[in-house]
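The structure file run-v2.csv is reproduced below (CSV, C-alpha atoms and all ligand atoms).
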```csv
chain,number,residue,atom,x,y,z
C,1,MET,CA,-21.1,25.3,12.2
C,2,THR,CA,-22.6,24.8,8.7
C,3,THR,CA,-25.8,23.1,7.7
C,4,SER,CA,-25.8,20.1,5.4
C,5,THR,CA,-28.3,19.2,2.8
C,6,THR,CA,-30.2,15.9,2.7
C,7,ASP,CA,-28.1,14.9,-0.3
C,8,GLU,CA,-24.9,15.7,1.4
C,9,PHE,CA,-26.0,13.8,4.5
C,10,GLN,CA,-26.9,10.7,2.5
C,11,ARG,CA,-23.7,10.8,0.5
C,12,ALA,CA,-21.7,11.0,3.8
C,13,ILE,CA,-23.8,8.1,5.2
C,14,ASP,CA,-23.0,6.0,2.1
C,15,THR,CA,-19.3,6.8,2.4
C,16,ILE,CA,-19.0,6.1,6.1
C,17,THR,CA,-21.2,3.0,6.4
C,18,PRO,CA,-18.6,0.6,4.8
C,19,ILE,CA,-15.8,2.0,7.1
C,20,TRP,CA,-18.1,1.7,10.1
C,21,ALA,CA,-18.9,-1.9,9.1
C,22,GLU,CA,-15.3,-2.8,8.4
C,23,LEU,CA,-14.1,-1.6,11.8
C,24,LEU,CA,-16.9,-3.4,13.5
C,25,LYS,CA,-16.2,-6.5,11.5
C,26,SER,CA,-19.8,-6.5,10.2
C,27,GLU,CA,-21.5,-6.4,6.8
C,28,PRO,CA,-22.5,-2.9,5.6
C,29,GLU,CA,-26.1,-4.1,5.2
C,30,LEU,CA,-26.2,-4.8,9.0
C,31,VAL,CA,-25.2,-1.2,9.8
C,32,SER,CA,-28.0,1.3,10.0
C,33,GLU,CA,-28.2,5.0,10.9
C,34,SER,CA,-29.1,4.0,14.5
C,35,THR,CA,-26.2,1.6,14.9
C,36,ASP,CA,-24.3,2.6,18.1
C,37,PHE,CA,-20.5,2.2,17.4
C,38,PHE,CA,-19.6,1.2,21.0
C,39,LYS,CA,-22.7,-1.0,21.6
C,40,ALA,CA,-21.9,-2.8,18.4
C,41,GLY,CA,-18.4,-3.8,19.6
C,42,GLY,CA,-16.3,-0.7,18.8
C,43,HIS,CA,-13.5,0.0,21.3
C,44,SER,CA,-10.9,2.8,21.8
C,45,LEU,CA,-8.5,1.5,19.1
C,46,THR,CA,-11.2,1.1,16.4
C,47,ALA,CA,-12.7,4.4,17.5
C,48,MET,CA,-9.4,6.1,16.9
C,49,LEU,CA,-9.1,4.5,13.4
C,50,LEU,CA,-12.7,5.5,12.6
C,51,VAL,CA,-12.3,9.2,13.4
C,52,THR,CA,-9.0,9.3,11.5
C,53,ARG,CA,-10.5,7.6,8.4
C,54,VAL,CA,-13.8,9.6,8.5
C,55,GLY,CA,-11.8,12.8,8.9
C,56,ARG,CA,-9.8,11.9,5.8
C,57,GLU,CA,-12.9,10.9,3.8
C,58,LEU,CA,-14.9,14.0,4.7
C,59,GLY,CA,-12.0,16.5,4.9
C,60,LYS,CA,-12.6,17.4,8.5
C,61,THR,CA,-10.8,17.2,11.8
C,62,VAL,CA,-12.8,14.7,13.9
C,63,PRO,CA,-11.9,14.5,17.6
C,64,LEU,CA,-12.4,11.2,19.4
C,65,PHE,CA,-14.9,12.8,21.8
C,66,ALA,CA,-17.2,13.4,18.8
C,67,LEU,CA,-17.8,9.7,18.5
C,68,VAL,CA,-18.2,9.2,22.2
C,69,GLU,CA,-20.8,12.0,22.4
C,70,HIS,CA,-22.5,11.0,19.1
C,71,PRO,CA,-22.1,7.2,19.0
C,72,THR,CA,-24.8,6.4,16.4
C,73,LEU,CA,-24.0,6.5,12.7
C,74,ALA,CA,-26.6,9.2,11.9
C,75,GLU,CA,-25.6,11.4,14.9
C,76,PHE,CA,-22.0,11.1,14.2
C,77,VAL,CA,-22.2,11.9,10.5
C,78,ALA,CA,-24.5,14.9,11.3
C,79,TYR,CA,-22.0,16.2,13.8
C,80,VAL,CA,-19.0,15.8,11.4
C,81,LEU,CA,-20.9,17.6,8.6
C,82,ARG,CA,-21.8,20.5,10.9
C,83,SER,CA,-18.2,20.9,12.0
C,84,GLU,CA,-16.3,23.6,10.2
C,85,GLU,CA,-12.8,22.4,11.1
C,86,PRO,CA,-10.6,21.7,8.0
C,87,VAL,CA,-8.8,18.4,8.0
C,88,LYS,CA,-5.9,18.1,10.4
C,89,ILE,CA,-5.1,14.6,11.5
C,90,VAL,CA,-3.7,14.6,15.0
C,91,GLU,CA,-1.6,11.6,15.9
C,92,PRO,CA,-1.3,10.4,19.5
C,93,PRO,CA,2.2,10.9,20.8
C,94,ALA,CA,4.4,7.8,20.3
C,95,PRO,CA,5.7,5.8,23.3
C,96,ASP,CA,9.1,7.5,22.9
C,97,GLY,CA,7.5,11.0,23.1
C,98,SER,CA,7.9,12.1,19.4
C,99,SER,CA,4.7,13.6,18.1
C,100,SER,CA,4.4,11.9,14.8
C,101,GLN,CA,5.6,8.6,13.5
C,102,THR,CA,7.2,10.3,10.6
C,103,GLU,CA,9.2,12.3,13.0
C,104,ARG,CA,9.9,9.2,15.0
C,105,LEU,CA,11.2,7.3,12.0
C,106,LEU,CA,13.3,10.2,10.7
C,107,ARG,CA,14.8,10.8,14.1
C,108,TYR,CA,15.7,7.1,14.2
C,109,ASN,CA,18.4,7.9,11.7
C,110,GLU,CA,20.1,10.5,13.9
C,111,PRO,CA,23.2,9.0,15.5
C,112,ASP,CA,22.0,9.0,19.1
C,113,ARG,CA,18.7,7.5,18.1
C,114,SER,CA,20.0,4.8,15.9
C,115,GLU,CA,22.1,3.6,18.8
C,116,THR,CA,19.0,3.3,21.0
C,117,ARG,CA,17.1,1.6,18.1
C,118,ASN,CA,20.0,-0.9,17.5
C,119,LYS,CA,20.1,-1.8,21.1
C,120,ARG,CA,16.4,-2.5,21.1
C,121,PHE,CA,16.7,-4.7,18.1
C,122,GLU,CA,19.7,-6.5,19.7
C,123,ARG,CA,17.7,-7.2,22.9
C,124,TYR,CA,14.7,-8.4,20.8
C,125,TYR,CA,16.8,-10.8,18.7
C,126,ALA,CA,18.6,-12.1,21.8
C,127,ALA,CA,15.2,-13.1,23.3
C,128,ALA,CA,12.6,-13.8,20.6
C,129,MET,CA,13.6,-17.2,19.2
C,130,GLY,CA,14.0,-18.5,22.8
C,131,SER,CA,10.4,-17.7,23.6
C,132,ALA,CA,7.7,-20.3,22.9
C,133,ALA,CA,5.0,-17.6,23.5
C,134,HIS,CA,6.7,-15.4,20.9
C,135,GLY,CA,6.8,-18.3,18.5
C,136,GLU,CA,3.1,-18.8,18.9
C,137,PHE,CA,2.5,-15.1,18.4
C,138,CYS,CA,4.4,-15.2,15.1
C,139,ARG,CA,2.6,-18.3,13.9
C,140,GLN,CA,-0.8,-16.7,14.6
C,141,VAL,CA,0.1,-13.2,13.2
C,142,TYR,CA,2.4,-14.1,10.2
C,143,GLY,CA,1.5,-17.7,9.4
C,144,ASP,CA,5.0,-19.0,10.2
C,145,ASN,CA,7.4,-18.4,13.1
C,146,PHE,CA,10.3,-16.6,11.3
C,147,GLY,CA,11.0,-14.5,14.4
C,148,GLN,CA,9.6,-11.6,12.3
C,149,HIS,CA,10.0,-8.1,13.5
C,150,GLY,CA,8.5,-6.4,10.5
C,151,MET,CA,5.0,-6.6,9.1
C,152,ALA,CA,5.4,-8.9,6.1
C,153,ASP,CA,3.6,-12.2,6.5
C,154,SER,CA,4.2,-15.3,4.4
C,155,ALA,CA,1.5,-14.2,1.9
C,156,GLN,CA,3.3,-10.9,1.3
C,157,ILE,CA,6.7,-12.7,0.8
C,158,ASP,CA,5.1,-15.1,-1.7
C,159,ARG,CA,3.5,-12.2,-3.5
C,160,MET,CA,6.8,-10.5,-3.9
C,161,LEU,CA,8.5,-13.7,-5.1
C,162,ALA,CA,5.7,-14.2,-7.7
C,163,MET,CA,6.5,-10.8,-9.1
C,164,LEU,CA,10.3,-11.2,-9.0
C,165,THR,CA,10.4,-14.8,-10.2
C,166,PRO,CA,14.0,-15.6,-8.9
C,167,LYS,CA,15.3,-19.1,-9.8
C,168,GLU,CA,18.0,-21.6,-9.1
C,169,GLY,CA,21.4,-20.0,-9.8
C,170,ASP,CA,20.3,-16.5,-9.0
C,171,THR,CA,21.7,-14.7,-6.0
C,172,ILE,CA,19.4,-12.6,-3.8
C,173,LEU,CA,20.4,-10.1,-1.1
C,174,ASP,CA,17.9,-9.9,1.8
C,175,LEU,CA,18.6,-6.5,3.4
C,176,GLY,CA,17.7,-6.5,7.1
C,177,CYS,CA,17.3,-10.3,7.2
C,178,GLY,CA,17.0,-10.6,11.0
C,179,TYR,CA,17.2,-14.3,12.0
C,180,GLY,CA,17.5,-15.3,8.4
C,181,LEU,CA,14.4,-17.5,8.5
C,182,ILE,CA,12.8,-15.4,5.8
C,183,SER,CA,16.0,-15.8,3.7
C,184,ARG,CA,15.9,-19.5,4.2
C,185,TYR,CA,12.2,-19.6,3.2
C,186,ILE,CA,13.1,-17.7,0.0
C,187,ALA,CA,15.9,-20.1,-0.8
C,188,GLU,CA,13.7,-23.1,-0.3
C,189,LYS,CA,10.9,-21.7,-2.3
C,190,THR,CA,12.9,-20.5,-5.3
C,191,GLY,CA,16.2,-22.6,-5.3
C,192,ALA,CA,18.1,-19.3,-5.4
C,193,ASN,CA,21.2,-18.5,-3.2
C,194,VAL,CA,20.3,-15.9,-0.6
C,195,VAL,CA,22.7,-13.6,1.2
C,196,GLY,CA,21.2,-12.0,4.3
C,197,VAL,CA,22.7,-9.0,6.1
C,198,ASP,CA,21.6,-7.3,9.3
C,199,LEU,CA,23.1,-5.0,11.9
C,200,SER,CA,22.2,-7.3,14.8
C,201,ALA,CA,24.9,-9.6,15.9
C,202,SER,CA,22.5,-11.8,17.8
C,203,ALA,CA,20.3,-12.2,14.8
C,204,ILE,CA,23.2,-13.1,12.5
C,205,GLU,CA,24.6,-15.6,15.0
C,206,TYR,CA,21.3,-17.4,14.8
C,207,ALA,CA,21.2,-17.1,11.0
C,208,ASN,CA,24.7,-18.5,10.7
C,209,ARG,CA,23.6,-21.7,12.3
C,210,LEU,CA,20.9,-22.0,9.5
C,211,ALA,CA,23.6,-21.5,6.9
C,212,GLU,CA,25.6,-24.5,8.3
C,213,SER,CA,23.0,-26.9,7.0
C,214,ASP,CA,22.1,-25.1,3.7
C,215,SER,CA,24.9,-24.1,1.3
C,216,ARG,CA,22.6,-21.7,-0.5
C,217,LEU,CA,22.6,-19.4,2.5
C,218,ARG,CA,25.2,-16.8,3.7
C,219,PHE,CA,24.8,-14.2,6.4
C,220,HIS,CA,26.9,-11.2,7.5
C,221,VAL,CA,26.6,-8.6,10.2
C,222,MET,CA,26.6,-5.5,7.9
C,223,ASP,CA,25.3,-2.0,7.9
C,224,ALA,CA,23.0,-1.1,5.0
C,225,ARG,CA,24.9,2.2,4.8
C,226,ASP,CA,28.1,0.3,4.0
C,227,LEU,CA,27.3,-2.7,1.8
C,228,ARG,CA,30.6,-4.5,1.1
C,229,PHE,CA,30.1,-6.8,-1.9
C,230,PRO,CA,31.9,-7.0,-5.3
C,231,PRO,CA,30.2,-5.3,-8.2
C,232,GLY,CA,27.6,-7.4,-10.0
C,233,THR,CA,27.0,-9.8,-7.1
C,234,PHE,CA,23.2,-9.9,-7.0
C,235,THR,CA,20.4,-10.6,-9.4
C,236,HIS,CA,17.8,-9.5,-6.9
C,237,ILE,CA,17.7,-7.4,-3.8
C,238,VAL,CA,14.7,-7.7,-1.4
C,239,SER,CA,14.0,-5.8,1.7
C,240,PHE,CA,11.2,-6.3,4.2
C,241,ASP,CA,10.6,-3.3,6.5
C,242,THR,CA,14.2,-2.2,6.7
C,243,ILE,CA,14.5,0.6,4.1
C,244,TYR,CA,13.3,3.0,6.8
C,245,TYR,CA,16.8,3.1,8.3
C,246,ALA,CA,18.6,4.3,5.2
C,247,PRO,CA,19.3,8.0,5.8
C,248,SER,CA,19.8,8.5,2.0
C,249,LEU,CA,17.4,6.4,-0.1
C,250,GLU,CA,19.1,7.6,-3.3
C,251,GLY,CA,22.5,6.6,-1.9
C,252,LEU,CA,21.3,3.2,-1.0
C,253,LEU,CA,19.6,2.5,-4.4
C,254,ARG,CA,22.7,3.7,-6.2
C,255,ARG,CA,24.7,1.3,-4.1
C,256,PHE,CA,22.3,-1.5,-5.0
C,257,GLN,CA,23.0,-0.8,-8.7
C,258,GLU,CA,26.7,-1.2,-8.1
C,259,ILE,CA,26.5,-4.5,-6.3
C,260,GLY,CA,23.7,-5.8,-8.7
C,261,THR,CA,24.0,-7.3,-12.1
C,262,GLU,CA,22.8,-5.5,-15.2
C,263,ALA,CA,19.4,-7.3,-14.8
C,264,LEU,CA,19.1,-6.4,-11.1
C,265,ARG,CA,15.5,-6.3,-9.8
C,266,LEU,CA,14.4,-4.9,-6.4
C,267,GLY,CA,11.5,-5.9,-4.2
C,268,ILE,CA,10.9,-3.5,-1.4
C,269,VAL,CA,8.0,-3.5,1.1
C,270,ARG,CA,7.4,-0.8,3.6
C,271,THR,CA,4.8,1.1,5.5
C,272,PHE,CA,4.3,4.9,5.0
C,273,PRO,CA,3.1,6.5,8.1
C,274,LEU,CA,2.4,9.8,6.4
C,275,ARG,CA,-1.0,10.7,7.7
C,276,THR,CA,-0.7,14.3,6.8
C,277,PHE,CA,-1.6,13.3,3.3
C,278,THR,CA,-5.3,13.3,2.5
C,279,LYS,CA,-6.8,10.5,0.5
C,280,GLU,CA,-7.0,12.8,-2.5
C,281,THR,CA,-3.3,13.8,-2.5
C,282,TRP,CA,-1.9,10.5,-1.3
C,283,SER,CA,-0.5,8.1,-3.8
C,284,PRO,CA,2.4,5.6,-3.7
C,285,ASP,CA,3.6,7.3,-6.9
C,286,ARG,CA,4.3,10.5,-4.9
C,287,THR,CA,6.8,8.8,-2.7
C,288,GLU,CA,10.5,9.4,-3.0
C,289,LEU,CA,11.0,5.6,-3.5
C,290,ALA,CA,8.7,5.7,-6.5
C,291,THR,CA,10.5,8.7,-8.0
C,292,LEU,CA,13.9,7.0,-7.5
C,293,LEU,CA,12.7,3.6,-8.9
C,294,THR,CA,11.6,5.5,-12.1
C,295,LYS,CA,14.8,7.5,-12.3
C,296,LEU,CA,17.3,4.7,-11.6
C,297,PHE,CA,15.5,1.5,-12.5
C,298,GLY,CA,13.1,2.6,-15.3
C,299,GLY,CA,9.9,2.1,-13.4
C,300,TYR,CA,8.1,-0.1,-10.9
C,301,GLU,CA,5.0,-2.1,-10.1
C,302,VAL,CA,3.3,-1.4,-6.9
C,303,VAL,CA,0.8,-3.4,-4.7
C,304,ASP,CA,-1.3,-1.7,-2.1
C,305,LEU,CA,-1.1,-3.5,1.2
C,306,SER,CA,-2.7,-0.8,3.3
C,307,ARG,CA,-5.8,-2.7,4.3
C,308,GLU,CA,-3.8,-5.8,5.3
C,309,GLU,CA,-1.4,-3.5,7.3
C,310,ASN,CA,-4.2,-1.9,9.4
C,311,GLU,CA,-5.7,-5.4,10.0
C,312,HIS,CA,-2.2,-6.7,10.8
C,313,TRP,CA,-1.7,-4.2,13.7
C,314,ARG,CA,-5.1,-4.8,15.2
C,315,ASN,CA,-4.6,-8.6,14.9
C,316,LYS,CA,-1.3,-8.2,16.7
C,317,VAL,CA,-3.0,-6.5,19.6
C,318,THR,CA,-5.7,-9.2,19.9
C,319,VAL,CA,-3.2,-12.1,19.6
C,320,LEU,CA,-0.8,-10.6,22.2
C,321,GLU,CA,-3.7,-10.1,24.6
C,322,SER,CA,-4.7,-13.7,24.2
C,323,LEU,CA,-1.1,-14.8,24.8
C,324,ARG,CA,-0.2,-12.4,27.7
C,325,GLU,CA,-0.3,-15.1,30.4
C,326,GLN,CA,1.9,-17.4,28.4
C,327,PHE,CA,4.5,-14.7,28.0
C,328,VAL,CA,4.3,-13.9,31.7
C,329,ALA,CA,4.5,-17.6,32.7
C,330,GLU,CA,7.8,-18.1,30.8
C,331,GLY,CA,9.3,-14.8,32.1
C,332,SER,CA,9.1,-13.0,28.8
C,333,GLU,CA,7.4,-9.8,30.1
C,334,GLU,CA,10.0,-7.5,28.5
C,335,LEU,CA,9.4,-9.1,25.1
C,336,PHE,CA,5.7,-8.9,25.6
C,337,ASP,CA,5.8,-5.2,26.6
C,338,PHE,CA,8.1,-4.4,23.6
C,339,ARG,CA,5.7,-5.9,21.1
C,340,TYR,CA,2.5,-4.8,22.9
C,341,THR,CA,3.5,-1.1,23.3
C,342,GLU,CA,4.4,-1.0,19.6
C,343,ALA,CA,1.3,-2.8,18.4
C,344,THR,CA,-1.2,-0.7,20.4
C,345,TYR,CA,0.4,2.5,19.2
C,346,GLU,CA,0.5,1.4,15.5
C,347,ALA,CA,-3.1,-0.1,15.7
C,348,GLY,CA,-4.4,3.4,16.6
C,349,ILE,CA,-3.1,5.0,13.4
C,350,GLU,CA,-4.1,4.5,9.8
C,351,GLN,CA,-1.2,3.1,7.9
C,352,PHE,CA,-0.3,3.0,4.2
C,353,ARG,CA,1.7,0.1,3.0
C,354,TYR,CA,3.1,-0.7,-0.4
C,355,MET,CA,5.2,-3.3,-2.1
C,356,PHE,CA,7.4,-1.9,-4.9
C,357,VAL,CA,8.9,-4.2,-7.4
C,358,SER,CA,11.3,-2.6,-9.9
C,359,ARG,CA,10.6,-3.1,-13.6
C,360,HIS,CA,12.4,-5.7,-15.6
C,361,PRO,CA,15.4,-3.9,-17.2
N,1,LIG,C1,11.6,-4.1,11.3
N,1,LIG,S1,12.9,-5.2,11.2
N,1,LIG,C2,12.6,-6.2,9.9
N,1,LIG,C3,13.3,-7.6,9.9
N,1,LIG,C4,12.8,-8.6,8.9
N,1,LIG,N1,13.2,-8.2,7.5
N,1,LIG,C5,11.4,-8.9,9.0
N,1,LIG,O1,10.6,-8.6,8.1
N,1,LIG,O2,11.0,-9.4,10.1
N,1,LIG,C6,14.2,-4.2,10.7
N,1,LIG,C7,15.6,-4.9,10.6
N,1,LIG,O3,16.5,-4.0,10.1
N,1,LIG,C8,17.7,-4.2,10.8
N,1,LIG,N2,18.5,-2.9,10.6
N,1,LIG,C9,18.2,-1.7,11.1
N,1,LIG,N3,19.1,-0.8,10.7
N,1,LIG,C10,20.0,-1.5,9.9
N,1,LIG,C11,21.1,-1.1,9.1
N,1,LIG,N4,21.5,0.2,9.1
N,1,LIG,N5,21.7,-2.0,8.4
N,1,LIG,C12,21.3,-3.3,8.3
N,1,LIG,N6,20.2,-3.7,9.1
N,1,LIG,C13,19.6,-2.8,9.8
N,1,LIG,C14,17.3,-4.5,12.2
N,1,LIG,O4,18.3,-5.1,13.0
N,1,LIG,C15,16.1,-5.4,11.9
N,1,LIG,O5,16.5,-6.7,11.8
```
As structure tokens:
Amino acid sequence: MTTSTTDEFQRAIDTITPIWAELLKSEPELVSESTDFFKAGGHSLTAMLLVTRVGRELGKTVPLFALVEHPTLAEFVAYVLRSEEPVKIVEPPAPDGSSSQTERLLRYNEPDRSETRNKRFERYYAAAMGSAAHGEFCRQVYGDNFGQHGMADSAQIDRMLAMLTPKEGDTILDLGCGYGLISRYIAEKTGANVVGVDLSASAIEYANRLAESDSRLRFHVMDARDLRFPPGTFTHIVSFDTIYYAPSLEGLLRRFQEIGTEALRLGIVRTFPLRTFTKETWSPDRTELATLLTKLFGGYEVVDLSREENEHWRNKVTVLESLREQFVAEGSEELFDFRYTEATYEAGIEQFRYMFVSRHP
């Protein structure tokens, strides 16, 4: 253990107070050194987020029990400053047993894992739009019921469209379109034609029914690893939470170039669960995606959506808990469990989320 100076203690209090307040949904002025995290409304999920974020800010490993045993702000900060442990952020094991989400996502691309994942998506798409409880869940979490499986709400979609400015006569590819309701929203909002592709046959069956009443829409069951379109088809390619499943990001972006026009622009939003980075070393500019957008598309603009992302997962947990009885009453327990298991896991981990929009050529 080391001893801390009064200055160091005060600096740490100043750094931690806003995090403490944010997680307690309180104002920083209402948090004092004697505020007890749990008595002020903190629970196990917010506690996990707090120790992760404090560890990152102060460059220390902070075990959860430190907060349980030192629940006031002053006690907790004093404990963390005394601790000599260097930063090492430990993630809880994922529901599928893998020890980090990075590992979990990477392993998803192994053939046996992608089969399991695709079956899960298929079961999800076969059930979600038939569930009134799930529809209500989407409306409360995302603002609209598009049967979303990703994390982009309507505000994020609007933000991307405002940066890409597609217009009538343009043709947009929506990679990983799910039910196609986001694609239809984009067509209605911009007047552009939208082609959606997804691996899930159930999702595309639903989407094709949308296309029957809107000639701007087309959908195909298609694998992102084998995009079959003539050269120069698309003016824009957008992808909401699907790029994870491309084993070779460079291969995918090069294929985008082939099927895009000269003026092709990309809008990609994704979460980066790379919690081994510290705040000092982490930056969206260090991602492989950023490097490739610079190399192949001449640059990019990026929007930091990390705060929204962390709130998104916590909100999902709260909304699901409030709708649990409705899911059970309509016989949608499996759907509830699928979403709840994922949401409680993700809400316990700090997430980085960025929207990348490639530069105008
Ligand atoms: C997290 S969901 C996002 C769906 C939708 N964009 C949204 O925001 O709600 C990922 C989607 O990618 C699809 N997907 C997964 N692997 C794919 C692949 N190799 N090719 C095409 N789609 C894929 C899944 O079926 C699923 O619809």
Name all residues at most 9 Å from Leu252 (chain C) (count all atoms listed in the file; drop same-chain ones fewer than 5 positions away) and give them as a ChimeraX atom specification. /C:224-227,243,246-247,257
Check every protein, DNA and RNA residue against ligand LIG 1 (chain N), keep those with an atom at most 8 Å away (counting all atoms listed in the file), and present them as an NGL selection string. :C and (114 or 117-118 or 121-122 or 146-152 or 174-179 or 182 or 197-200 or 203 or 221-225 or 239-246)
One residue among C:Arg123, C:His236, C:Arg353, C:Arg228 is nearest to Ala263 (chain C) when using all atoms listed in the file, and that residue is C:His236
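Here CA of Ser332 (chain C) and CA of Asp153 (chain C) stand 23.0 Å from one another.
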Considering only C-alpha atoms, can you say which of C:Phe356, C:Phe234, C:Tyr300, C:Tyr124 comes closest to Glu334 (chain C)?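 Closest to Glu334 (chain C), using only C-alpha atoms: C:Tyr124.
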Quick one, how far is CA of Pro63 (chain C) from CA of Val51 (chain C)?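 Result for CA of Pro63 (chain C) versus CA of Val51 (chain C): 6.8 Å, one decimal.
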Counting all atoms listed in the file, which residue out of C:Val31, C:Leu64, C:Leu81, C:Ala290 sits closest to Gly348 (chain C)?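 Smallest distance to Gly348 (chain C) is found for C:Leu64.
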Could you pull the residues within 12 Å of Ala211 (chain C), counting all atoms listed in the file, minus those fewer than 3 positions along the same chain, as a PyMOL selection string? chain C and resi 179-181+183-184+187+193-196+204-208+214-220
Which residue is closest to Gly299 (chain C)? Choose from C:Tyr125, C:His360, C:Phe256, C:Phe336 and count only C-alpha atoms. C:His360
If you measure from CA of Thr72 (chain C) to CA of Phe37 (chain C), what distance in Å do you get, rounded to one decimal?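 Interatomic distance, CA of Thr72 (chain C) to CA of Phe37 (chain C): 6.1 Å.
Distance annotation: of C:Thr271, C:Gln10, C:Gln326, C:Thr52, the residue with the minimal separation from Val77 (chain C) is C:Gln10; atom set is all atoms listed in the file.
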Considering all atoms listed in the file, state which residue in the set C:Leu289, C:Val357, C:Ile172, C:Ala128 is at the smallest distance from Thr190 (chain C).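 Of all the options, C:Ile172 lies closest to Thr190 (chain C).
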